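Visitor: Here you go, this is work.pdb (PDB, C-alpha atoms).
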```
ATOM      1  CA  SER A1357       8.160   3.820  14.928
ATOM      2  CA  PRO A1358       4.374   4.324  14.884
ATOM      3  CA  ASN A1359       3.709   0.678  15.662
ATOM      4  CA  PHE A1360       5.374  -2.682  16.210
ATOM      5  CA  ASN A1361       4.547  -6.224  15.198
ATOM      6  CA  ILE A1362       4.877  -9.478  17.111
ATOM      7  CA  ILE A1363       5.223 -12.695  15.100
ATOM      8  CA  ASN A1364       6.383 -15.037  17.908
ATOM      9  CA  ASN A1365       6.842 -18.114  15.718
ATOM     10  CA  LYS A1366       8.473 -19.945  18.631
ATOM     11  CA  LYS A1367       5.498 -19.258  20.938
ATOM     12  CA  ASN A1368       7.633 -17.688  23.650
ATOM     13  CA  TYR A1369       5.525 -17.717  26.831
ATOM     14  CA  LYS A1370       7.289 -14.766  28.470
ATOM     15  CA  LEU A1371       6.736 -12.634  25.381
ATOM     16  CA  GLU A1372       3.042 -13.589  25.275
ATOM     17  CA  GLU A1373       2.588 -12.661  28.939
ATOM     18  CA  PHE A1374       4.443  -9.382  28.484
ATOM     19  CA  ILE A1375       2.182  -8.320  25.592
ATOM     20  CA  LYS A1376      -0.967  -9.465  27.448
ATOM     21  CA  ASN A1377       0.066  -7.358  30.430
ATOM     22  CA  LEU A1378       0.487  -4.253  28.250
ATOM     23  CA  LEU A1379      -2.947  -4.828  26.706
ATOM     24  CA  LYS A1380      -4.521  -5.395  30.110
ATOM     25  CA  ASN A1381      -3.058  -2.129  31.412
ATOM     26  CA  ASN A1382      -4.298  -0.250  28.337
ATOM     27  CA  ILE A1383      -0.746   0.738  27.380
ATOM     28  CA  ILE A1384      -0.943  -0.712  23.874
ATOM     29  CA  GLN A1385      -3.797  -1.568  21.519
ATOM     30  CA  PHE A1386      -4.234  -3.592  18.331
ATOM     31  CA  ASP A1387      -3.347  -1.667  15.193
ATOM     32  CA  ASP A1388      -5.861  -2.501  12.450
ATOM     33  CA  SER A1389      -4.621   0.192  10.065
ATOM     34  CA  ASP A1390      -4.297  -0.501   6.350
ATOM     35  CA  PHE A1391      -0.937  -1.739   5.069
ATOM     36  CA  ILE A1392      -0.979  -1.034   1.342
ATOM     37  CA  ASN A1393       1.533  -2.260  -1.212
ATOM     38  CA  LEU A1394       2.181  -0.003  -4.214
ATOM     39  CA  SER A1395       3.612  -1.293  -7.500
ATOM     40  CA  ARG A1396       4.586   0.260 -10.829
ATOM     41  CA  GLU A1397       1.488  -1.159 -12.490
ATOM     42  CA  ASN A1398      -0.499   1.031 -10.069
ATOM     43  CA  LYS A1399      -1.791  -2.109  -8.428
ATOM     44  CA  VAL A1400      -2.896  -1.500  -4.870
ATOM     45  CA  LYS A1401      -3.351  -4.340  -2.424
ATOM     46  CA  ILE A1402      -3.618  -4.734   1.317
ATOM     47  CA  ILE A1403      -0.575  -6.642   2.568
ATOM     48  CA  ASN A1404       0.585  -8.384   5.707
ATOM     49  CA  ASN A1405       3.686 -10.121   4.353
ATOM     50  CA  SER A1406       6.256  -7.447   5.204
ATOM     51  CA  VAL A1407       8.590  -8.421   8.032
ATOM     52  CA  PHE A1408       7.301  -5.275   9.780
ATOM     53  CA  SER A1409       3.605  -6.127   9.389
ATOM     54  CA  ARG A1410       3.313  -9.914   9.699
ATOM     55  CA  GLY A1411       1.794 -11.400  12.829
ATOM     56  CA  THR A1412      -0.080  -9.022  15.111
ATOM     57  CA  ASN A1413       0.432  -5.271  14.986
ATOM     58  CA  TYR A1414       0.217  -3.026  18.035
ATOM     59  CA  THR A1415       0.471   0.679  18.720
ATOM     60  CA  SER A1416       0.535   2.797  21.853
ATOM     61  CA  THR A1417      -2.777   4.012  23.291
ATOM     62  CA  SER A1418      -1.114   7.385  23.880
ATOM     63  CA  SER A1419       2.073   8.044  21.903
ATOM     64  CA  MET A1420       5.021   5.841  21.007
ATOM     65  CA  SER A1421       7.394   8.374  22.565
ATOM     66  CA  ASP A1422       5.596   7.833  25.899
ATOM     67  CA  LEU A1423       5.487   4.037  25.644
ATOM     68  CA  SER A1424       8.707   3.146  27.487
ATOM     69  CA  LYS A1425       7.867   5.443  30.394
ATOM     70  CA  ARG A1426       4.396   3.922  30.782
ATOM     71  CA  ILE A1427       5.801   0.370  30.717
ATOM     72  CA  ILE A1428       8.233   1.216  33.520
ATOM     73  CA  GLU A1429       5.498   2.915  35.549
ATOM     74  CA  ILE A1430       3.556  -0.375  35.824
ATOM     75  CA  ASN A1431       6.243  -1.489  38.284
ATOM     76  CA  ASN A1432       7.085   1.929  39.696
ATOM     77  CA  LEU A1433       4.374   1.984  42.347
ATOM     78  CA  ASN A1434       6.679   3.367  45.038
ATOM     79  CA  SER A1435       8.272   5.963  42.718
ATOM     80  CA  GLN A1436      11.599   4.157  43.020
ATOM     81  CA  VAL A1437      12.528   4.927  39.400
ATOM     82  CA  ASP A1438      13.742   8.366  38.340
ATOM     83  CA  PHE A1439      13.433   9.479  34.714
ATOM     84  CA  TYR A1440      15.982  11.648  32.913
ATOM     85  CA  PHE A1441      14.650  12.024  29.387
ATOM     86  CA  ASN A1442      16.599  14.106  26.859
ATOM     87  CA  THR A1443      19.797  13.300  28.761
ATOM     88  CA  LEU A1444      22.606  12.321  26.415
ATOM     89  CA  ILE A1445      25.348  10.212  28.010
ATOM     90  CA  VAL A1446      28.752  10.976  26.474
ATOM     91  CA  LYS A1447      31.298   9.678  28.996
ATOM     92  CA  LEU A1448      31.606   6.743  31.393
ATOM     93  CA  GLU A1449      34.093   5.690  34.056
ATOM     94  CA  PHE A1450      34.329   2.419  35.967
ATOM     95  CA  ASN A1451      36.020   1.850  39.342
ATOM     96  CA  LYS A1452      34.077  -0.881  41.160
ATOM     97  CA  LYS A1453      30.967   1.134  40.253
ATOM     98  CA  TRP A1454      29.906   3.112  37.194
ATOM     99  CA  ILE A1455      30.123   6.886  36.907
ATOM    100  CA  VAL A1456      28.044   8.160  34.008
ATOM    101  CA  ILE A1457      28.378  11.726  32.708
ATOM    102  CA  SER A1458      25.893  13.522  30.480
ATOM    103  CA  GLN A1459      26.522  16.093  27.762
ATOM    104  CA  ASN A1460      25.343  18.771  30.215
ATOM    105  CA  GLY A1461      27.778  17.668  32.917
ATOM    106  CA  GLU A1462      25.271  15.775  35.094
ATOM    107  CA  ILE A1463      26.876  12.908  37.014
ATOM    108  CA  PHE A1464      25.145   9.614  37.873
ATOM    109  CA  GLN A1465      26.526   6.670  39.854
ATOM    110  CA  THR A1466      25.350   3.083  39.740
ATOM    111  CA  LYS A1467      26.381  -0.367  40.918
ATOM    112  CA  PHE A1468      25.098  -2.009  37.730
ATOM    113  CA  LEU A1469      24.687  -0.466  34.276
ATOM    114  CA  VAL A1470      22.262  -1.581  31.547
ATOM    115  CA  CYS A1471      22.559  -0.320  27.971
ATOM    116  CA  SER A1472      19.519  -0.879  25.751
ATOM    117  CA  SER A1473      21.242   1.031  22.939
ATOM    118  CA  ASN A1474      24.558  -0.089  21.495
ATOM    119  CA  LEU A1475      25.674   3.462  20.690
ATOM    120  CA  LEU A1476      28.213   3.686  23.522
ATOM    121  CA  LEU A1477      30.107   0.624  22.295
ATOM    122  CA  HIS A1478      29.741   1.134  18.547
ATOM    123  CA  LYS A1479      32.301   2.883  16.345
ATOM    124  CA  ARG A1480      29.666   5.306  15.001
ATOM    125  CA  SER A1481      29.678   6.968  18.450
ATOM    126  CA  MET A1482      33.044   8.552  17.656
ATOM    127  CA  LYS A1483      31.516  10.600  14.839
ATOM    128  CA  ILE A1484      28.386  11.479  16.823
ATOM    129  CA  PHE A1485      30.307  12.532  19.958
ATOM    130  CA  LYS A1486      33.264  13.952  18.009
ATOM    131  CA  THR A1487      35.744  11.848  19.964
ATOM    132  CA  ASN A1488      38.608   9.558  18.969
ATOM    133  CA  GLN A1489      37.623   6.753  21.359
ATOM    134  CA  ILE A1490      34.503   4.621  21.724
ATOM    135  CA  PRO A1491      33.150   5.425  25.243
ATOM    136  CA  LEU A1492      32.794   1.854  26.548
ATOM    137  CA  ARG A1493      36.015   0.672  24.918
ATOM    138  CA  GLN A1494      37.764   3.454  26.824
ATOM    139  CA  CYS A1495      36.314   2.096  30.101
ATOM    140  CA  ILE A1496      36.990  -1.551  29.366
ATOM    141  CA  PRO A1497      40.354  -1.796  27.569
ATOM    142  CA  GLU A1498      41.113  -4.699  25.263
ATOM    143  CA  ASN A1499      42.096  -8.015  26.912
ATOM    144  CA  LYS A1500      40.538  -7.043  30.254
ATOM    145  CA  ASP A1501      37.346  -9.078  29.734
ATOM    146  CA  LYS A1502      37.098 -11.828  27.096
ATOM    147  CA  LYS A1503      33.301 -11.750  27.005
ATOM    148  CA  PHE A1504      33.197  -8.000  26.425
ATOM    149  CA  ASP A1505      35.945  -8.236  23.773
ATOM    150  CA  LEU A1506      33.885 -10.800  21.858
ATOM    151  CA  LEU A1507      30.671  -8.761  22.164
ATOM    152  CA  PHE A1508      32.545  -5.663  20.999
ATOM    153  CA  LYS A1509      34.080  -7.483  18.022
ATOM    154  CA  ILE A1510      30.811  -9.038  16.799
ATOM    155  CA  LEU A1511      28.822  -5.829  17.227
ATOM    156  CA  ASN A1512      31.333  -3.706  15.352
ATOM    157  CA  SER A1513      31.394  -6.160  12.455
ATOM    158  CA  GLN A1514      27.577  -6.055  12.290
ATOM    159  CA  SER A1515      26.180  -3.946   9.463
ATOM    160  CA  PHE A1516      23.159  -1.643   9.560
ATOM    161  CA  ILE A1517      20.548  -0.436   7.128
ATOM    162  CA  LYS A1518      20.855   3.334   7.311
ATOM    163  CA  ARG A1519      17.555   5.194   7.134
ATOM    164  CA  ILE A1520      16.280   8.717   7.559
ATOM    165  CA  SER A1521      12.719  10.003   7.829
ATOM    166  CA  PHE A1522      11.208  13.155   6.385
ATOM    167  CA  LEU A1523       8.426  14.528   8.591
ATOM    168  CA  ILE A1524       5.809  16.710   6.908
ATOM    169  CA  TYR A1525       3.308  18.625   9.054
ATOM    170  CA  THR A1526       0.280  19.340   6.872
ATOM    171  CA  LYS A1527      -2.231  22.180   7.079
ATOM    172  CA  PRO A1528      -5.774  21.584   8.422
ATOM    173  CA  ASN A1529      -7.321  21.536   4.945
ATOM    174  CA  TYR A1530      -5.193  18.588   3.766
ATOM    175  CA  GLN A1531      -7.182  15.350   3.953
ATOM    176  CA  PHE A1532      -7.454  11.913   2.348
ATOM    177  CA  LEU A1533      -9.373  11.622  -0.908
ATOM    178  CA  ASP A1534     -11.525   8.841   0.506
ATOM    179  CA  SER A1535     -13.266   8.514   3.880
ATOM    180  CA  TYR A1536     -10.480   6.629   5.690
ATOM    181  CA  SER A1537     -10.665   7.439   9.406
ATOM    182  CA  LYS A1538      -8.208   5.145  11.209
ATOM    183  CA  ARG A1539      -5.229   6.571  13.067
ATOM    184  CA  TYR A1540      -2.529   5.290  10.702
ATOM    185  CA  ARG A1541      -2.185   4.335   7.065
ATOM    186  CA  TYR A1542       0.930   2.649   5.691
ATOM    187  CA  PHE A1543       2.096   2.537   2.068
ATOM    188  CA  TYR A1544       4.968   0.235   1.113
ATOM    189  CA  LEU A1545       6.722   0.703  -2.242
ATOM    190  CA  ASN A1546       7.912  -2.322  -4.169
ATOM    191  CA  LYS A1547      11.533  -2.344  -5.363
ATOM    192  CA  ASP A1548      10.781  -0.734  -8.746
ATOM    193  CA  LEU A1549       8.926   2.180  -7.181
ATOM    194  CA  GLU A1550      11.524   2.544  -4.422
ATOM    195  CA  ASN A1551      14.286   2.830  -7.027
ATOM    196  CA  ASN A1552      12.237   5.378  -8.974
ATOM    197  CA  TYR A1553      10.944   7.593  -6.153
ATOM    198  CA  LYS A1554      13.660   6.892  -3.532
ATOM    199  CA  PHE A1555      11.083   6.212  -0.782
ATOM    200  CA  GLU A1556      10.821   2.933   1.129
ATOM    201  CA  ARG A1557       7.466   3.596   2.767
ATOM    202  CA  VAL A1558       5.080   6.475   3.437
ATOM    203  CA  LEU A1559       3.087   6.690   6.667
ATOM    204  CA  PHE A1560       0.072   8.895   7.370
ATOM    205  CA  ASN A1561      -0.699   9.702  11.002
ATOM    206  CA  LEU A1562      -3.985  11.288  12.087
ATOM    207  CA  GLN A1563      -2.931  13.586  14.923
ATOM    208  CA  LYS A1564      -4.925  14.781  17.935
ATOM    209  CA  ASN A1565      -5.743  18.079  16.202
ATOM    210  CA  ASN A1566      -7.072  16.030  13.219
ATOM    211  CA  ASN A1567      -4.234  17.201  10.966
ATOM    212  CA  LEU A1568      -2.502  14.535   8.905
ATOM    213  CA  GLY A1569       1.175  14.051   9.645
ATOM    214  CA  ILE A1570       3.241  12.389   6.917
ATOM    215  CA  VAL A1571       6.390  10.358   7.540
ATOM    216  CA  ILE A1572       8.465   9.363   4.518
ATOM    217  CA  GLN A1573      11.176   6.792   5.203
ATOM    218  CA  THR A1574      14.113   6.234   2.903
ATOM    219  CA  LYS A1575      17.316   4.243   2.808
ATOM    220  CA  ASN A1576      18.360   5.881  -0.474
ATOM    221  CA  LYS A1577      22.037   6.896  -0.191
ATOM    222  CA  GLU A1578      21.604  10.016  -2.323
ATOM    223  CA  LEU A1579      18.831  11.388  -0.097
ATOM    224  CA  ILE A1580      20.700  10.450   3.095
ATOM    225  CA  ASP A1581      23.876  12.192   1.883
ATOM    226  CA  SER A1582      21.907  15.262   0.768
ATOM    227  CA  SER A1583      20.191  15.507   4.155
ATOM    228  CA  ASN A1584      23.559  16.116   5.819
ATOM    229  CA  ILE A1585      24.299  19.215   3.725
ATOM    230  CA  GLU A1586      22.503  22.303   5.004
ATOM    231  CA  LYS A1587      22.791  24.166   1.697
ATOM    232  CA  THR A1588      20.752  21.521  -0.108
ATOM    233  CA  GLU A1589      17.869  21.319   2.404
ATOM    234  CA  ASN A1590      15.505  23.602   0.442
ATOM    235  CA  LYS A1591      16.177  21.643  -2.724
ATOM    236  CA  LEU A1592      15.746  18.414  -0.787
ATOM    237  CA  GLN A1593      12.303  19.524   0.415
ATOM    238  CA  LYS A1594      11.269  20.343  -3.156
ATOM    239  CA  ASP A1595      12.548  16.993  -4.461
ATOM    240  CA  VAL A1596      10.723  15.060  -1.720
ATOM    241  CA  LEU A1597       7.494  16.967  -2.460
ATOM    242  CA  ILE A1598       7.787  16.359  -6.218
ATOM    243  CA  ASN A1599       8.413  12.641  -5.688
ATOM    244  CA  PHE A1600       5.525  12.412  -3.219
ATOM    245  CA  ASN A1601       3.064  14.003  -5.669
ATOM    246  CA  ASN A1602       4.310  11.906  -8.579
ATOM    247  CA  LEU A1603       4.026   8.739  -6.514
ATOM    248  CA  PHE A1604       0.407   9.436  -5.561
ATOM    249  CA  LYS A1605      -0.654  10.964  -8.866
ATOM    250  CA  ASP A1606      -4.085   9.547  -9.812
ATOM    251  CA  SER A1607      -4.241   7.762  -6.423
ATOM    252  CA  PRO A1608      -7.771   6.947  -5.198
ATOM    253  CA  PHE A1609      -6.625   7.618  -1.606
ATOM    254  CA  ILE A1610      -4.101  10.461  -1.451
ATOM    255  CA  ASN A1611      -4.472  14.129  -2.349
ATOM    256  CA  GLN A1612      -1.685  16.100  -3.988
ATOM    257  CA  LEU A1613       0.351  18.083  -1.468
ATOM    258  CA  THR A1614       0.984  21.695  -2.515
ATOM    259  CA  ASP A1615       1.722  23.342   0.823
ATOM    260  CA  TYR A1616       2.461  22.369   4.413
ATOM    261  CA  GLN A1617       3.094  23.852   7.845
ATOM    262  CA  GLY A1618       6.498  22.334   8.474
ATOM    263  CA  PHE A1619       9.180  19.951   7.220
ATOM    264  CA  SER A1620      11.880  18.295   9.306
ATOM    265  CA  ILE A1621      14.372  15.457   8.990
ATOM    266  CA  MET A1622      14.855  12.676  11.523
ATOM    267  CA  ARG A1623      18.448  11.500  11.230
ATOM    268  CA  TRP A1624      18.488   8.172  13.044
ATOM    269  CA  ARG A1625      21.574   7.459  15.109
ATOM    270  CA  ALA A1626      20.903   3.743  14.792
ATOM    271  CA  SER A1627      18.853   1.958  12.194
ATOM    272  CA  GLN A1628      17.969  -1.650  11.545
ATOM    273  CA  PRO A1629      20.864  -4.036  12.290
ATOM    274  CA  LEU A1630      21.744  -6.437   9.528
ATOM    275  CA  GLY A1631      23.783  -9.620   9.352
ATOM    276  CA  LYS A1632      24.928 -11.586  12.373
ATOM    277  CA  GLY A1633      23.178 -11.000  15.689
ATOM    278  CA  VAL A1634      25.207 -10.870  18.892
ATOM    279  CA  PRO A1635      24.728 -14.117  20.902
ATOM    280  CA  ASN A1636      22.602 -13.463  23.997
ATOM    281  CA  SER A1637      25.169 -15.375  26.064
ATOM    282  CA  LEU A1638      27.175 -12.114  25.885
ATOM    283  CA  GLN A1639      24.462  -9.955  27.458
ATOM    284  CA  ILE A1640      26.114  -9.621  30.881
ATOM    285  CA  CYS A1641      29.742  -8.911  31.798
ATOM    286  CA  GLN A1642      29.792  -9.697  35.513
ATOM    287  CA  LYS A1643      33.322  -8.436  36.089
ATOM    288  CA  TYR A1644      32.301  -4.942  34.959
ATOM    289  CA  LYS A1645      28.699  -5.115  36.208
ATOM    290  CA  ILE A1646      27.168  -4.205  32.878
ATOM    291  CA  GLY A1647      24.340  -5.690  30.819
ATOM    292  CA  PHE A1648      23.074  -5.143  27.276
ATOM    293  CA  CYS A1649      19.827  -5.628  25.377
ATOM    294  CA  GLY A1650      18.290  -4.482  22.111
ATOM    295  CA  ASP A1651      17.253  -5.595  18.636
ATOM    296  CA  TRP A1652      20.915  -6.311  17.785
ATOM    297  CA  PHE A1653      20.989  -9.587  19.739
ATOM    298  CA  ASP A1654      20.424 -12.959  18.104
ATOM    299  CA  GLU A1655      16.787 -13.382  19.109
ATOM    300  CA  GLU A1656      13.663 -14.154  17.136
ATOM    301  CA  GLY A1657      12.662 -10.735  15.854
ATOM    302  CA  PHE A1658      16.270  -9.625  15.245
ATOM    303  CA  GLY A1659      16.224  -6.085  13.869
ATOM    304  CA  ARG A1660      12.693  -5.379  15.102
ATOM    305  CA  VAL A1661      10.940  -4.330  18.315
ATOM    306  CA  GLU A1662      10.079  -7.992  18.987
ATOM    307  CA  GLY A1663      13.778  -8.857  19.181
ATOM    308  CA  ALA A1664      14.441  -5.902  21.472
ATOM    309  CA  ILE A1665      11.638  -6.975  23.849
ATOM    310  CA  LEU A1666      12.847 -10.585  23.927
ATOM    311  CA  SER A1667      16.435  -9.565  24.683
ATOM    312  CA  GLY A1668      15.142  -7.306  27.479
ATOM    313  CA  LEU A1669      13.170 -10.183  28.995
ATOM    314  CA  GLU A1670      16.237 -12.443  28.706
ATOM    315  CA  LEU A1671      18.438  -9.852  30.409
ATOM    316  CA  ALA A1672      15.918  -9.340  33.224
ATOM    317  CA  ASN A1673      15.879 -13.094  33.844
ATOM    318  CA  LYS A1674      19.701 -13.286  33.922
ATOM    319  CA  PHE A1675      19.881 -10.279  36.228
ATOM    320  CA  ASN A1676      17.428 -11.965  38.655
ATOM    321  CA  LEU A1677      19.615 -15.100  38.652
ATOM    322  CA  LEU A1678      22.639 -12.966  39.599
ATOM    323  CA  ASN A1679      20.746 -11.690  42.627
TER     324      ASN A1679
END
```
Represent the structure of the file as structure tokens.

Guide:
Amino acid sequence: SPNFNIINNKKNYKLEEFIKNLLKNNIIQFDDSDFINLSRENKVKIINNSVFSRGTNYTSTSSMSDLSKRIIEINNLNSQVDFYFNTLIVKLEFNKKWIVISQNGEIFQTKFLVCSSNLLLHKRSMKIFKTNQIPLRQCIPENKDKKFDLLFKILNSQSFIKRISFLIYTKPNYQFLDSYSKRYRYFYLNKDLENNYKFERVLFNLQKNNNLGIVIQTKNKELIDSSNIEKTENKLQKDVLINFNNLFKDSPFINQLTDYQGFSIMRWRASQPLGKGVPNSLQICQKYKIGFCGDWFDEEGFGRVEGAILSGLELANKFNLLN
């Protein structure tokens, strides 16, 4: 996600203070990029009514991939936190304490475990890890903890909007048609255009080397299915390029794209949750010393970064009460 928006309709004080602290420490900044709505009638208008653009928009002052690390470092003055990025956890064991095993065989031990992703307790993990058991269900068998059983049941009945992103790395000579100079530019397609071109939104990102990066997001089932078949990838690239150029044909902003440096596909392991949020009363299972947070809890901002932040703040508060 290039940015995130905070609506905070309920005026949550903790959320306000958290965001103020990130601004004060120059970790995030206001995102005043253009959010443009495209319609079949070729009408172009600046919008702020999307659920992902209402309220106040923020972006990282460095990169979004570095954001979590920088947030933790605010409170890591004594270097008491170790980072293990690019470490995929595939197996867990519990015997009074947690033993966590990575894909590379690294072993970690902890008295209390926090999962900000729901992958390890969601049925989709079986396909991703090529296993016949959900990792956390294997550790906490059914009927051993009523709270965990309920959390597990609600989560695995929750639906998700599946999305993938196509990432296009342009050549130095590719630029906007107009003189737009902000870091990001967002184009949202209305339903008619989305059905026609199969894109949900198109994002332009001005990179440090001044090249324009293009991110095309889709939830179109045909494109998602095609992206999983290696033999069709070349055709998929051509189709995406054709649709991109047709979408922005005669655009006052966007040049036609005839060549690029690279093309890749981001296959999200988890996309936007949909339906019933998990009650935040199920965030901690004391018996098994495990806590959960994320945008899949029933908070204001459910399905967005705002909901994930709020559930994290809630969990931190509950954890402090335990101690």

Visitor: Could you tell me how far atom CA of Lys1483 of chain A sits from atom CA of Phe1555 of chain A, in Å to one decimal place?

Guide: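 Those two atoms sit 26.1 Å apart.
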
Visitor: Counting all atoms listed in the file, which residues have an atom no more than 12 Å from (-0.6, 20.6, 3.2) in the file's coordinates? Please list them as a count of residues only.

Guide: 25

Visitor: Tell me, as a PyMOL selection string, which residues lie within 10 Å of segment 1625-1637 of chain A, counting all atoms listed in the file; anything in the same chain fewer than 6 positions away does not count.

Guide: chain A and resi 1473-1475+1478+1480-1481+1484+1503+1506-1511+1513-1520+1575+1648-1655+1658-1660+1667+1670-1671+1674

Visitor: Which neighbours of Phe1560 of chain A fall inside 9 Å, counting only C-alpha atoms, when residues of the same chain fewer than 6 positions from it are skipped, and could you give them as a PyMOL selection string?

Guide: chain A and resi 1539-1543+1568-1572

Visitor: Written as an MDAnalysis selection string, which residues does the PyMOL selection byres ((chain A and resi 1461-1464) around 12) give for the file shown?

Guide: chainID A and resid 1438 1440 1443:1450 1453:1460 1465:1469

Visitor: Written as a VMD selection string, which residues does the PyMOL selection byres ((chain A and resi 1418-1428) around 8) give for the file shown?

Guide: chain A and resid 1357 to 1359 1378 1383 1415 to 1417 1429 to 1432

Visitor: In Å, with one decimal, what is the gap from atom CA of Lys1370 of chain A to atom CA of Lys1645 of chain A?

Guide: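 Spanning atom CA of Lys1370 of chain A to atom CA of Lys1645 of chain A is a straight-line distance of 24.7 Å.
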
Visitor: Produce the centre coordinates and the three edge lengths, each in Å to one decimal, of the box along x, y and z that contains all listed atoms of segment 1467-1481 of chain A with 3 Å added on each side, as AutoDock Vina command-line options.

Guide:
```
--center_x 25.9 --center_y 2.5 --center_z 28.0 --size_x 18.8 --size_y 15.0 --size_z 31.9
```

Visitor: Nearest to Gln1642 of chain A: which of A:Glu1589, A:Asp1501, A:Glu1550, A:Glu1372 is it, counting all atoms listed in the file?

Guide: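 Result for the nearest residue to Gln1642 of chain A: A:Asp1501.
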
Visitor: Which residue out of A:Gln1385, A:Asn1364, A:Asn1499, A:Asn1561 has the minimum interatomic distance to Tyr1536 of chain A when only C-alpha atoms are used?

Guide: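 With only C-alpha atoms as the atom set, the closest residue is A:Asn1561.
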
Visitor: Atom CA of Leu1394 of chain A and atom CA of Leu1549 of chain A, how far apart in Å?

Guide: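 Answer for the atom CA of Leu1549 of chain A to atom CA of Leu1394 of chain A separation: 7.7 Å.
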
Visitor: Applied to the shown file, which residues does the PyMOL selection byres ((chain A and resi 1492) around 9) return, written as JSON, numbers by chain?

Guide: {"A": [1447, 1448, 1449, 1476, 1477, 1478, 1489, 1490, 1491, 1493, 1494, 1495, 1496, 1497]}

Visitor: Pick the closest to Asn1584 of chain A from A:Met1622, A:Lys1643, A:Asn1382, A:Lys1479: which is it, counting only C-alpha atoms?

Guide: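 Residue with the minimum atom-to-atom distance to Asn1584 of chain A: A:Met1622.
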
Visitor: For a quick check of understanding, using all atoms listed in the file, which of A:Thr1412, A:Leu1638, A:Arg1557, A:Asp1390 has the smallest distance to Asp1505 of chain A?

Guide: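 Closest candidate: A:Leu1638.
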